[in-house]
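Enquirer: Below is the file run-v1.pdb, which contains PDB, C-alpha atoms.
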ATOM      1  CA  MET A   1      36.477  -1.833  -5.034  1.00  0.00           C
ATOM      2  CA  ASN A   2      33.931  -0.470  -7.446  1.00  0.00           C
ATOM      3  CA  LEU A   3      33.059   3.061  -6.302  1.00  0.00           C
ATOM      4  CA  ARG A   4      30.769   4.468  -8.968  1.00  0.00           C
ATOM      5  CA  PRO A   5      30.543   8.231  -9.533  1.00  0.00           C
ATOM      6  CA  ALA A   6      26.945   8.218  -8.269  1.00  0.00           C
ATOM      7  CA  HIS A   7      28.074   6.616  -4.997  1.00  0.00           C
ATOM      8  CA  ALA A   8      30.979   9.015  -4.684  1.00  0.00           C
ATOM      9  CA  ARG A   9      28.608  11.917  -5.278  1.00  0.00           C
ATOM     10  CA  THR A  10      26.236  10.649  -2.589  1.00  0.00           C
ATOM     11  CA  LEU A  11      29.160  10.346  -0.180  1.00  0.00           C
ATOM     12  CA  ALA A  12      30.238  13.893  -1.010  1.00  0.00           C
ATOM     13  CA  MET A  13      26.734  15.221  -0.402  1.00  0.00           C
ATOM     14  CA  LEU A  14      26.502  13.356   2.917  1.00  0.00           C
ATOM     15  CA  PHE A  15      29.866  14.720   3.981  1.00  0.00           C
ATOM     16  CA  LEU A  16      28.953  18.296   3.122  1.00  0.00           C
ATOM     17  CA  ALA A  17      25.593  17.920   4.868  1.00  0.00           C
ATOM     18  CA  CYS A  18      27.468  16.725   7.968  1.00  0.00           C
ATOM     19  CA  CYS A  19      29.713  19.794   7.796  1.00  0.00           C
ATOM     20  CA  LEU A  20      26.671  22.063   7.692  1.00  0.00           C
ATOM     21  CA  LEU A  21      24.918  20.176  10.505  1.00  0.00           C
ATOM     22  CA  PHE A  22      28.075  20.262  12.610  1.00  0.00           C
ATOM     23  CA  SER A  23      28.254  24.006  12.300  1.00  0.00           C
ATOM     24  CA  ALA A  24      24.555  24.415  13.096  1.00  0.00           C
ATOM     25  CA  CYS A  25      25.408  24.506  16.817  1.00  0.00           C
ATOM     26  CA  ASP A  26      26.829  28.024  16.561  1.00  0.00           C
ATOM     27  CA  ASN A  27      25.576  31.419  15.426  1.00  0.00           C
ATOM     28  CA  PHE A  28      24.730  32.329  11.847  1.00  0.00           C
ATOM     29  CA  GLU A  29      27.901  34.269  11.064  1.00  0.00           C
ATOM     30  CA  ARG A  30      30.223  31.658  12.546  1.00  0.00           C
ATOM     31  CA  ASN A  31      28.379  28.860  10.706  1.00  0.00           C
ATOM     32  CA  ALA A  32      28.580  30.727   7.426  1.00  0.00           C
ATOM     33  CA  TYR A  33      32.263  31.515   7.970  1.00  0.00           C
ATOM     34  CA  ARG A  34      33.145  27.876   8.672  1.00  0.00           C
ATOM     35  CA  THR A  35      31.082  26.638   5.741  1.00  0.00           C
ATOM     36  CA  LEU A  36      32.720  29.093   3.325  1.00  0.00           C
ATOM     37  CA  LYS A  37      36.171  28.315   4.671  1.00  0.00           C
ATOM     38  CA  VAL A  38      35.753  24.537   4.396  1.00  0.00           C
ATOM     39  CA  LEU A  39      34.274  24.828   0.906  1.00  0.00           C
ATOM     40  CA  LYS A  40      37.166  27.066  -0.184  1.00  0.00           C
ATOM     41  CA  VAL A  41      39.727  24.503   1.011  1.00  0.00           C
ATOM     42  CA  GLU A  42      37.825  21.641  -0.632  1.00  0.00           C
ATOM     43  CA  TYR A  43      37.438  23.533  -3.896  1.00  0.00           C
ATOM     44  CA  GLU A  44      41.119  24.466  -4.046  1.00  0.00           C
ATOM     45  CA  LEU A  45      42.118  20.830  -3.484  1.00  0.00           C
ATOM     46  CA  LEU A  46      39.707  19.719  -6.210  1.00  0.00           C
ATOM     47  CA  GLN A  47      41.033  22.378  -8.579  1.00  0.00           C
ATOM     48  CA  ALA A  48      44.669  21.421  -7.935  1.00  0.00           C
ATOM     49  CA  HIS A  49      43.763  17.770  -8.483  1.00  0.00           C
ATOM     50  CA  ALA A  50      42.081  18.611 -11.803  1.00  0.00           C
ATOM     51  CA  ALA A  51      45.091  20.634 -12.962  1.00  0.00           C
ATOM     52  CA  GLN A  52      47.443  17.753 -12.112  1.00  0.00           C
ATOM     53  CA  ALA A  53      45.147  15.248 -13.841  1.00  0.00           C
ATOM     54  CA  PHE A  54      45.163  17.437 -16.969  1.00  0.00           C
ATOM     55  CA  LEU A  55      48.958  17.703 -16.952  1.00  0.00           C
ATOM     56  CA  ALA A  56      49.212  13.921 -16.421  1.00  0.00           C
ATOM     57  CA  GLY A  57      47.050  13.348 -19.499  1.00  0.00           C
ATOM     58  CA  ARG A  58      44.037  11.993 -17.626  1.00  0.00           C
ATOM     59  CA  LEU A  59      41.889  14.920 -18.804  1.00  0.00           C
ATOM     60  CA  THR A  60      41.591  16.196 -22.368  1.00  0.00           C
ATOM     61  CA  GLN A  61      41.755  19.901 -23.221  1.00  0.00           C
ATOM     62  CA  ALA A  62      37.962  19.956 -23.681  1.00  0.00           C
ATOM     63  CA  GLN A  63      37.434  18.289 -20.297  1.00  0.00           C
ATOM     64  CA  TRP A  64      39.790  20.745 -18.601  1.00  0.00           C
ATOM     65  CA  ASP A  65      37.960  23.638 -20.266  1.00  0.00           C
ATOM     66  CA  ALA A  66      34.608  22.268 -19.013  1.00  0.00           C
ATOM     67  CA  PHE A  67      36.052  21.950 -15.511  1.00  0.00           C
ATOM     68  CA  ALA A  68      37.395  25.525 -15.668  1.00  0.00           C
ATOM     69  CA  VAL A  69      33.951  26.891 -16.673  1.00  0.00           C
ATOM     70  CA  ALA A  70      32.269  25.047 -13.793  1.00  0.00           C
ATOM     71  CA  GLY A  71      35.091  26.166 -11.484  1.00  0.00           C
ATOM     72  CA  HIS A  72      34.538  29.819 -12.333  1.00  0.00           C
ATOM     73  CA  ARG A  73      30.824  29.309 -11.645  1.00  0.00           C
ATOM     74  CA  PHE A  74      31.627  27.907  -8.190  1.00  0.00           C
ATOM     75  CA  ILE A  75      34.084  30.726  -7.420  1.00  0.00           C
ATOM     76  CA  ALA A  76      31.461  33.330  -8.395  1.00  0.00           C
ATOM     77  CA  ALA A  77      28.815  31.668  -6.179  1.00  0.00           C
ATOM     78  CA  HIS A  78      31.288  31.415  -3.268  1.00  0.00           C
ATOM     79  CA  THR A  79      32.293  35.081  -3.659  1.00  0.00           C
ATOM     80  CA  LEU A  80      28.631  36.134  -3.783  1.00  0.00           C
ATOM     81  CA  ALA A  81      27.898  34.251  -0.547  1.00  0.00           C
ATOM     82  CA  ALA A  82      30.945  35.841   1.149  1.00  0.00           C
ATOM     83  CA  ASP A  83      29.878  39.320  -0.038  1.00  0.00           C
ATOM     84  CA  LEU A  84      26.335  38.771   1.243  1.00  0.00           C
ATOM     85  CA  MET A  85      27.665  37.692   4.623  1.00  0.00           C
ATOM     86  CA  GLN A  86      29.846  40.801   4.749  1.00  0.00           C
ATOM     87  CA  THR A  87      26.758  42.897   3.945  1.00  0.00           C
ATOM     88  CA  TYR A  88      24.865  41.036   6.690  1.00  0.00           C
ATOM     89  CA  ARG A  89      27.539  42.058   9.211  1.00  0.00           C
ATOM     90  CA  GLU A  90      27.330  45.673   8.105  1.00  0.00           C
ATOM     91  CA  VAL A  91      23.507  45.779   8.139  1.00  0.00           C
ATOM     92  CA  LYS A  92      23.459  44.211  11.603  1.00  0.00           C
ATOM     93  CA  THR A  93      25.205  47.265  13.035  1.00  0.00           C
ATOM     94  CA  ILE A  94      22.646  49.752  11.671  1.00  0.00           C
ATOM     95  CA  LYS A  95      19.670  47.992  13.334  1.00  0.00           C
ATOM     96  CA  ASP A  96      17.352  47.626  10.357  1.00  0.00           C
ATOM     97  CA  PRO A  97      15.484  44.332  11.001  1.00  0.00           C
ATOM     98  CA  GLU A  98      13.700  44.299   7.654  1.00  0.00           C
ATOM     99  CA  ARG A  99      16.878  44.783   5.663  1.00  0.00           C
ATOM    100  CA  LEU A 100      18.701  42.318   7.925  1.00  0.00           C
ATOM    101  CA  ASN A 101      16.056  39.648   7.266  1.00  0.00           C
ATOM    102  CA  GLU A 102      16.298  40.238   3.549  1.00  0.00           C
ATOM    103  CA  VAL A 103      20.118  39.969   3.490  1.00  0.00           C
ATOM    104  CA  SER A 104      19.993  36.959   5.805  1.00  0.00           C
ATOM    105  CA  ARG A 105      17.518  35.215   3.485  1.00  0.00           C
ATOM    106  CA  ARG A 106      19.677  35.892   0.421  1.00  0.00           C
ATOM    107  CA  ALA A 107      22.875  34.812   2.165  1.00  0.00           C
ATOM    108  CA  THR A 108      21.258  31.576   3.386  1.00  0.00           C
ATOM    109  CA  ALA A 109      20.111  30.779  -0.147  1.00  0.00           C
ATOM    110  CA  ALA A 110      23.577  31.508  -1.560  1.00  0.00           C
ATOM    111  CA  LEU A 111      25.244  29.331   1.088  1.00  0.00           C
ATOM    112  CA  ALA A 112      22.804  26.465   0.541  1.00  0.00           C
ATOM    113  CA  GLU A 113      23.653  26.367  -3.149  1.00  0.00           C
ATOM    114  CA  LEU A 114      27.405  25.891  -2.657  1.00  0.00           C
ATOM    115  CA  PRO A 115      27.622  22.236  -1.479  1.00  0.00           C
ATOM    116  CA  THR A 116      25.571  21.117  -4.474  1.00  0.00           C
ATOM    117  CA  LEU A 117      27.765  23.092  -6.877  1.00  0.00           C
ATOM    118  CA  LEU A 118      30.906  21.574  -5.357  1.00  0.00           C
ATOM    119  CA  ALA A 119      29.436  18.054  -5.490  1.00  0.00           C
ATOM    120  CA  ASP A 120      28.539  18.620  -9.166  1.00  0.00           C
ATOM    121  CA  LEU A 121      32.087  19.765  -9.836  1.00  0.00           C
ATOM    122  CA  ARG A 122      33.540  16.686  -8.177  1.00  0.00           C
ATOM    123  CA  HIS A 123      31.115  14.467 -10.058  1.00  0.00           C
ATOM    124  CA  LEU A 124      32.178  16.108 -13.321  1.00  0.00           C
ATOM    125  CA  LEU A 125      35.825  15.427 -12.550  1.00  0.00           C
ATOM    126  CA  GLU A 126      35.117  11.833 -11.553  1.00  0.00           C
ATOM    127  CA  SER A 127      33.171  11.221 -14.742  1.00  0.00           C
ATOM    128  CA  PHE A 128      36.069  12.608 -16.807  1.00  0.00           C
ATOM    129  CA  GLU A 129      38.664  10.508 -15.054  1.00  0.00           C
ATOM    130  CA  THR A 130      36.784   7.220 -14.969  1.00  0.00           C
ATOM    131  CA  HIS A 131      35.193   7.104 -18.427  1.00  0.00           C
TER
ATOM    132  CA  MET B 132      38.849  -6.225 -14.964  1.00  0.00           C
ATOM    133  CA  PRO B 133      39.783  -2.557 -14.412  1.00  0.00           C
ATOM    134  CA  THR B 134      42.561  -1.150 -16.563  1.00  0.00           C
ATOM    135  CA  LYS B 135      45.707   0.382 -15.095  1.00  0.00           C
ATOM    136  CA  ARG B 136      44.424   3.844 -16.045  1.00  0.00           C
ATOM    137  CA  GLU B 137      41.138   3.248 -14.177  1.00  0.00           C
ATOM    138  CA  LEU B 138      43.005   2.029 -11.095  1.00  0.00           C
ATOM    139  CA  VAL B 139      45.236   5.117 -11.136  1.00  0.00           C
ATOM    140  CA  SER B 140      42.180   7.373 -11.534  1.00  0.00           C
ATOM    141  CA  TRP B 141      40.340   5.732  -8.634  1.00  0.00           C
ATOM    142  CA  ALA B 142      43.417   5.815  -6.435  1.00  0.00           C
ATOM    143  CA  GLU B 143      43.842   9.525  -7.160  1.00  0.00           C
ATOM    144  CA  LEU B 144      40.150  10.227  -6.499  1.00  0.00           C
ATOM    145  CA  LEU B 145      40.161   8.325  -3.207  1.00  0.00           C
ATOM    146  CA  LYS B 146      43.294  10.216  -2.169  1.00  0.00           C
ATOM    147  CA  LEU B 147      41.544  13.467  -3.044  1.00  0.00           C
ATOM    148  CA  ILE B 148      38.450  12.562  -0.973  1.00  0.00           C
ATOM    149  CA  ALA B 149      40.668  11.678   2.000  1.00  0.00           C
ATOM    150  CA  GLU B 150      42.545  14.996   1.655  1.00  0.00           C
ATOM    151  CA  MET B 151      39.253  16.908   1.476  1.00  0.00           C
ATOM    152  CA  VAL B 152      37.914  15.189   4.619  1.00  0.00           C
ATOM    153  CA  VAL B 153      41.136  15.909   6.544  1.00  0.00           C
ATOM    154  CA  ALA B 154      41.179  19.538   5.363  1.00  0.00           C
ATOM    155  CA  ALA B 155      37.500  20.050   6.240  1.00  0.00           C
ATOM    156  CA  VAL B 156      37.909  18.610   9.734  1.00  0.00           C
ATOM    157  CA  ALA B 157      41.064  20.678  10.294  1.00  0.00           C
ATOM    158  CA  HIS B 158      39.220  23.890   9.398  1.00  0.00           C
ATOM    159  CA  LEU B 159      35.997  23.212  11.318  1.00  0.00           C
ATOM    160  CA  GLY B 160      37.194  23.642  14.865  1.00  0.00           C
ATOM    161  CA  ASP B 161      39.058  26.916  14.910  1.00  0.00           C
ATOM    162  CA  ASP B 162      37.805  30.123  16.472  1.00  0.00           C
ATOM    163  CA  GLU B 163      39.733  32.725  14.502  1.00  0.00           C
ATOM    164  CA  PRO B 164      38.200  36.185  13.928  1.00  0.00           C
ATOM    165  CA  ILE B 165      35.565  36.208  11.191  1.00  0.00           C
ATOM    166  CA  ASP B 166      36.767  37.869   7.986  1.00  0.00           C
ATOM    167  CA  PHE B 167      34.614  37.131   4.934  1.00  0.00           C
ATOM    168  CA  GLU B 168      37.030  38.948   2.633  1.00  0.00           C
ATOM    169  CA  ALA B 169      39.887  36.659   3.644  1.00  0.00           C
ATOM    170  CA  ILE B 170      38.064  33.419   2.784  1.00  0.00           C
ATOM    171  CA  LYS B 171      37.271  34.283  -0.823  1.00  0.00           C
ATOM    172  CA  ILE B 172      38.766  31.967  -3.430  1.00  0.00           C
ATOM    173  CA  ARG B 173      41.646  33.841  -5.059  1.00  0.00           C
ATOM    174  CA  ILE B 174      43.095  31.136  -7.311  1.00  0.00           C
ATOM    175  CA  SER B 175      41.324  30.647 -10.645  1.00  0.00           C
ATOM    176  CA  PRO B 176      41.482  27.361 -12.595  1.00  0.00           C
ATOM    177  CA  GLU B 177      43.973  28.989 -14.998  1.00  0.00           C
ATOM    178  CA  GLU B 178      46.218  30.060 -12.124  1.00  0.00           C
ATOM    179  CA  ALA B 179      45.965  26.582 -10.559  1.00  0.00           C
ATOM    180  CA  LEU B 180      47.072  25.081 -13.863  1.00  0.00           C
ATOM    181  CA  ALA B 181      50.016  27.479 -14.100  1.00  0.00           C
ATOM    182  CA  GLN B 182      51.027  26.585 -10.528  1.00  0.00           C
ATOM    183  CA  ALA B 183      50.768  22.855 -11.255  1.00  0.00           C
ATOM    184  CA  LYS B 184      52.952  23.325 -14.350  1.00  0.00           C
ATOM    185  CA  GLN B 185      55.565  25.164 -12.287  1.00  0.00           C
ATOM    186  CA  ALA B 186      55.508  22.433  -9.643  1.00  0.00           C
ATOM    187  CA  GLN B 187      56.197  19.738 -12.228  1.00  0.00           C
ATOM    188  CA  PRO B 188      59.763  18.423 -12.242  1.00  0.00           C
ATOM    189  CA  ALA B 189      61.768  19.871 -15.127  1.00  0.00           C
ATOM    190  CA  PRO B 190      62.337  17.390 -18.003  1.00  0.00           C
ATOM    191  CA  SER B 191      65.757  15.795 -17.735  1.00  0.00           C
ATOM    192  CA  SER B 192      68.182  17.160 -20.346  1.00  0.00           C
ATOM    193  CA  GLU B 193      69.983  14.682 -22.518  1.00  0.00           C
ATOM    194  CA  THR B 194      73.658  14.433 -21.762  1.00  0.00           C
ATOM    195  CA  GLN B 195      76.180  14.846 -24.538  1.00  0.00           C
ATOM    196  CA  PRO B 196      78.413  11.815 -25.181  1.00  0.00           C
TER
END
Translate the structure described by the file into structure tokens.
Expert:
Amino acid sequence: MNLRPAHARTLAMLFLACCLLFSACDNFERNAYRTLKVLKVEYELLQAHAAQAFLAGRLTQAQWDAFAVAGHRFIAAHTLAADLMQTYREVKTIKDPERLNEVSRRATAALAELPTLLADLRHLLESFETH
Amino acid sequence: MPTKRELVSWAELLKLIAEMVVAAVAHLGDDEPIDFEAIKIRISPEEALAQAKQAQPAPSSETQP
């Protein structure tokens, strides 16, 4: 089987899109919660895999360092999205539609960015391990 | 002809994708209370590396004749 990184990346994107579409049947908070939870689990598996690959000698120090930088970027984006969703919940209780719309817009944008960041991270790891 | 290293890498990557799919499906269906603080990522790459090092089997000590 010859699964190129580009194909693997496409598969990853399709899978993440399916996850988001699946969760689109529920309300905004529940969708966001499921998306963040699934992405957390996927990221932690990817991170553990990268650490094991580094220890097994399949990644160089420079490659591990590059992965760690990208990993911190993903963690920061994930934390931002979770914080915005927490703010959304708080704003919802004070009945301020304008502020709620603004937070909702920002949270949606932050959530939409995450699957791409994770796919990029996986692509980076695949390129390190297969070249 | 792929090298042994490439085959190992692909096998590991395919295993990872399968694990990610299983984990994602397992976490999609639940209806637990929403807590955005609880689903933040707490393990940094450095901590993951330290954990992976700890999980490695200790090198076997040479026995004295």
Enquirer: Distance CA of Ala181 (chain B)-CA of Phe54 (chain A), one decimal place?
Expert: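 Computing the Euclidean distance for CA of Ala181 (chain B) and CA of Phe54 (chain A) yields 11.5 Å.
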Enquirer: Please, which residues of chain B lie no more than 6 Å from chain A when the count uses all atoms listed in the file, and can they be set out as a PDB file with C-alpha atoms, keeping the file's coordinate frame?
Expert:
ATOM      1  CA  GLU B 137      41.138   3.248 -14.177  1.00  0.00           C
ATOM      2  CA  SER B 140      42.180   7.373 -11.534  1.00  0.00           C
ATOM      3  CA  MET B 151      39.253  16.908   1.476  1.00  0.00           C
ATOM      4  CA  ALA B 155      37.500  20.050   6.240  1.00  0.00           C
ATOM      5  CA  PHE B 167      34.614  37.131   4.934  1.00  0.00           C
ATOM      6  CA  ILE B 170      38.064  33.419   2.784  1.00  0.00           C
ATOM      7  CA  LYS B 171      37.271  34.283  -0.823  1.00  0.00           C
ATOM      8  CA  PRO B 176      41.482  27.361 -12.595  1.00  0.00           C
ATOM      9  CA  ALA B 179      45.965  26.582 -10.559  1.00  0.00           C
ATOM     10  CA  LEU B 180      47.072  25.081 -13.863  1.00  0.00           C
TER      11      LEU B 180
END
Enquirer: Could you state the separation of CA of Leu111 (chain A) and CA of Pro97 (chain A) in Å, given to one decimal place?
Expert: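 Calculated distance between CA of Leu111 (chain A) and CA of Pro97 (chain A) is 20.5 Å.
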Enquirer: Could you check how far CA of His123 (chain A) sits from CA of Ser175 (chain B), in Å to one decimal?
Expert: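 Separation of CA of His123 (chain A) and CA of Ser175 (chain B): 19.1 Å.
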Enquirer: For region 92-110 of chain A, I'd like the enclosing box, axis-aligned and padded by 8 Å on every side, reported as JSON with centre and edge lengths in Å to one decimal.
Expert:
{"center_x": 19.5, "center_y": 40.3, "center_z": 5.9, "size_x": 27.5, "size_y": 35.0, "size_z": 30.9}
Enquirer: Write out as a PDB file with C-alpha atoms, in the frame of the given file the residues lying within 8 Å of Tyr88 (chain A), counting all atoms listed in the file and excluding same-chain residues fewer than 2 positions away.
Expert:
ATOM      1  CA  LEU A  84      26.335  38.771   1.243  1.00  0.00           C
ATOM      2  CA  MET A  85      27.665  37.692   4.623  1.00  0.00           C
ATOM      3  CA  GLN A  86      29.846  40.801   4.749  1.00  0.00           C
ATOM      4  CA  GLU A  90      27.330  45.673   8.105  1.00  0.00           C
ATOM      5  CA  VAL A  91      23.507  45.779   8.139  1.00  0.00           C
ATOM      6  CA  LYS A  92      23.459  44.211  11.603  1.00  0.00           C
ATOM      7  CA  LEU A 100      18.701  42.318   7.925  1.00  0.00           C
ATOM      8  CA  VAL A 103      20.118  39.969   3.490  1.00  0.00           C
ATOM      9  CA  SER A 104      19.993  36.959   5.805  1.00  0.00           C
ATOM     10  CA  ALA A 107      22.875  34.812   2.165  1.00  0.00           C
TER      11      ALA A 107
END
